[in-house]
Amino acid sequence: MLKETGRVVAVEDDGLWVETLKQSTCGACAARHGCGQKLLMTADKSSNMTFIKALFEGQSRSHDWTVGDNAILGISENALVWAALIAYGIPLLFMIIGAYAGTNLGSGGSHELMSAVGALSGLLVGGLSVRIHQRFSRKKSFYQAYVIGKALASDA
C-alpha cells in the first residue's frame, strides 16, 4: 500500500477531498542536472498542490472529519503498476504496430515515410485508447485512493 498525507479541504458523505503537496525526487537522483523532470516541475508555477478525492472504506464516516484535518491516504501498488502499464504501454504497443504496418504498406522508397506515418497514427490511436479506458474505469474502486486514518499534525 502506497501512502500519502494531506490536508482535508472538503468532506462528503462517501469520502474526503484532500490537498497534497506535489513532490519531486530530483534532489535524490544522480542525474538531477541532466533530467528534464526538474525543469518541468519548476516551469509549472501555478500551484505545487494536488487535490484528490479519497473514499471511505465501508460505512460513511464523514462525521469524524472536519476541514483542516490531516488525513493519511492509501492506494494499492497494483493499481499504480497497472495504471502506468496502461498509460505508457498501450500507446507504445500501438505505435510499434503502426510502424510495422506502415513499413509493410509502403512501396518503393516510401517505406520510411509510411513507417513514420504508421507510428504516429498508432501513437494517436493508443493515446485515444488510454483516454477511453480512463473514462470507463474512472469509477472503479481499484484505481481509487482510500482514507486510511487521521495523521498527527507532525506527520503532515
# chains A, B, ... in the order shown; residues from 1 in each chain; ligands from 1

call {"tool": "residues_around", "arguments": {"residues": "A:Tyr143", "least_positions_apart": "3", "cutoff": "12 Å", "atoms": "only C-alpha atoms", "output": "MDAnalysis selection string"}}
result
chainID A and resid 53:55 74:84 133:134 136:140 146

call {"tool": "write_last_selection", "arguments": {"atoms": "N, CA and C atoms", "output": "mmCIF file, in the first residue's frame"}}
result
data_model
loop_
_atom_site.group_PDB
_atom_site.id
_atom_site.type_symbol
_atom_site.label_atom_id
_atom_site.label_comp_id
_atom_site.auth_asym_id
_atom_site.auth_seq_id
_atom_site.Cartn_x
_atom_site.Cartn_y
_atom_site.Cartn_z
ATOM 1 N N LYS A 53 -9.689 13.057 -4.405
ATOM 2 C CA LYS A 53 -10.788 12.563 -3.585
ATOM 3 C C LYS A 53 -10.451 11.150 -3.142
ATOM 4 N N ALA A 54 -10.488 10.932 -1.852
ATOM 5 C CA ALA A 54 -10.229 9.622 -1.265
ATOM 6 C C ALA A 54 -11.519 9.129 -0.634
ATOM 7 N N LEU A 55 -11.868 7.883 -0.918
ATOM 8 C CA LEU A 55 -13.115 7.304 -0.425
ATOM 9 C C LEU A 55 -12.931 6.681 0.947
ATOM 10 N N GLY A 74 -4.279 6.055 1.067
ATOM 11 C CA GLY A 74 -3.561 4.896 0.560
ATOM 12 C C GLY A 74 -4.127 4.423 -0.759
ATOM 13 N N ILE A 75 -3.268 3.847 -1.585
ATOM 14 C CA ILE A 75 -3.669 3.228 -2.842
ATOM 15 C C ILE A 75 -2.806 1.992 -3.048
ATOM 16 N N SER A 76 -3.373 0.991 -3.667
ATOM 17 C CA SER A 76 -2.682 -0.268 -3.890
ATOM 18 C C SER A 76 -1.508 -0.096 -4.854
ATOM 19 N N GLU A 77 -0.412 -0.797 -4.592
ATOM 20 C CA GLU A 77 0.722 -0.779 -5.513
ATOM 21 C C GLU A 77 0.321 -1.346 -6.865
ATOM 22 N N ASN A 78 -0.553 -2.364 -6.855
ATOM 23 C CA ASN A 78 -1.011 -2.970 -8.107
ATOM 24 C C ASN A 78 -1.746 -1.961 -8.977
ATOM 25 N N ALA A 79 -2.523 -1.095 -8.361
ATOM 26 C CA ALA A 79 -3.240 -0.079 -9.124
ATOM 27 C C ALA A 79 -2.262 0.863 -9.803
ATOM 28 N N LEU A 80 -1.211 1.247 -9.118
ATOM 29 C CA LEU A 80 -0.211 2.131 -9.709
ATOM 30 C C LEU A 80 0.523 1.446 -10.855
ATOM 31 N N VAL A 81 0.879 0.189 -10.683
ATOM 32 C CA VAL A 81 1.581 -0.547 -11.729
ATOM 33 C C VAL A 81 0.695 -0.705 -12.962
ATOM 34 N N TRP A 82 -0.570 -1.082 -12.752
ATOM 35 C CA TRP A 82 -1.483 -1.246 -13.884
ATOM 36 C C TRP A 82 -1.740 0.080 -14.591
ATOM 37 N N ALA A 83 -1.895 1.150 -13.834
ATOM 38 C CA ALA A 83 -2.128 2.463 -14.442
ATOM 39 C C ALA A 83 -0.925 2.886 -15.281
ATOM 40 N N ALA A 84 0.276 2.663 -14.782
ATOM 41 C CA ALA A 84 1.484 3.006 -15.541
ATOM 42 C C ALA A 84 1.614 2.133 -16.783
ATOM 43 N N HIS A 133 -10.213 4.110 -21.961
ATOM 44 C CA HIS A 133 -10.089 3.266 -20.764
ATOM 45 C C HIS A 133 -10.255 4.094 -19.495
ATOM 46 N N GLN A 134 -9.664 5.281 -19.484
ATOM 47 C CA GLN A 134 -9.751 6.157 -18.315
ATOM 48 C C GLN A 134 -11.198 6.558 -18.049
ATOM 49 N N PHE A 136 -13.929 4.877 -18.799
ATOM 50 C CA PHE A 136 -14.716 3.748 -18.325
ATOM 51 C C PHE A 136 -14.287 3.261 -16.949
ATOM 52 N N SER A 137 -13.039 3.492 -16.577
ATOM 53 C CA SER A 137 -12.553 2.993 -15.287
ATOM 54 C C SER A 137 -12.486 4.073 -14.220
ATOM 55 N N ARG A 138 -13.012 5.243 -14.506
ATOM 56 C CA ARG A 138 -12.958 6.365 -13.560
ATOM 57 C C ARG A 138 -13.603 6.015 -12.222
ATOM 58 N N LYS A 139 -14.693 5.292 -12.256
ATOM 59 C CA LYS A 139 -15.434 4.976 -11.032
ATOM 60 C C LYS A 139 -15.032 3.642 -10.398
ATOM 61 N N LYS A 140 -14.091 2.934 -10.997
ATOM 62 C CA LYS A 140 -13.674 1.649 -10.435
ATOM 63 C C LYS A 140 -12.902 1.872 -9.147
ATOM 64 N N TYR A 146 -7.992 5.603 -0.915
ATOM 65 C CA TYR A 146 -8.852 5.410 0.251
ATOM 66 C C TYR A 146 -8.282 6.139 1.456
#

call {"tool": "select_by_dssp", "arguments": {"residues": "stretch 103-147 of chain A", "states": "helix (DSSP H, G or I)", "output": "number ranges by chain"}}
result
A: 103-105, 111-137, 141-143

call {"tool": "select_by_dssp", "arguments": {"residues": "stretch 50-86 of chain A", "states": "strand (DSSP E)", "output": "PDB file with C-alpha atoms, in the first residue's frame"}}
result
ATOM      1  CA  THR A  50      -2.727  18.497  -5.906  1.00  0.00           C
ATOM      2  CA  PHE A  51      -6.342  17.791  -4.972  1.00  0.00           C
ATOM      3  CA  ILE A  52      -7.592  14.217  -4.757  1.00  0.00           C
ATOM      4  CA  LYS A  53     -10.788  12.563  -3.585  1.00  0.00           C
ATOM      5  CA  ALA A  54     -10.229   9.622  -1.265  1.00  0.00           C
ATOM      6  CA  LEU A  55     -13.115   7.304  -0.425  1.00  0.00           C
ATOM      7  CA  ASN A  70      -4.656  15.855   8.263  1.00  0.00           C
ATOM      8  CA  ALA A  71      -5.502  12.566   6.558  1.00  0.00           C
ATOM      9  CA  ILE A  72      -3.453   9.547   5.545  1.00  0.00           C
ATOM     10  CA  LEU A  73      -4.461   8.204   2.133  1.00  0.00           C
ATOM     11  CA  GLY A  74      -3.561   4.896   0.560  1.00  0.00           C
ATOM     12  CA  ILE A  75      -3.669   3.228  -2.842  1.00  0.00           C
TER      13      ILE A  75
END

call {"tool": "atom_distance", "arguments": {"atom1": "atom CA of A:Gly6", "atom2": "atom CA of A:Thr20"}}
result
4.5 Å

call {"tool": "residues_around", "arguments": {"residues": "A:Ser129", "least_positions_apart": "3", "cutoff": "10 Å", "atoms": "only C-alpha atoms", "output": "PyMOL selection string"}}
result
chain A and resi 86-87+90-91+94+123-126+132-135

call {"tool": "atom_distance", "arguments": {"atom1": "atom CA of A:Asp14", "atom2": "atom CA of A:Leu152"}}
result
22.4 Å

call {"tool": "closest_residue", "arguments": {"among": "A:Leu128, A:Val147, A:Val67, A:Ala119", "to": "A:Val8", "atoms": "only C-alpha atoms"}}
result
A:Val67

call {"tool": "closest_residue", "arguments": {"among": "A:Gly68, A:Gly118, A:Gly89, A:Lys150", "to": "A:Arg7", "atoms": "only C-alpha atoms"}}
result
A:Gly68

call {"tool": "atom_distance", "arguments": {"atom1": "atom CA of A:Val117", "atom2": "atom CA of A:Ala99"}}
result
7.4 Å
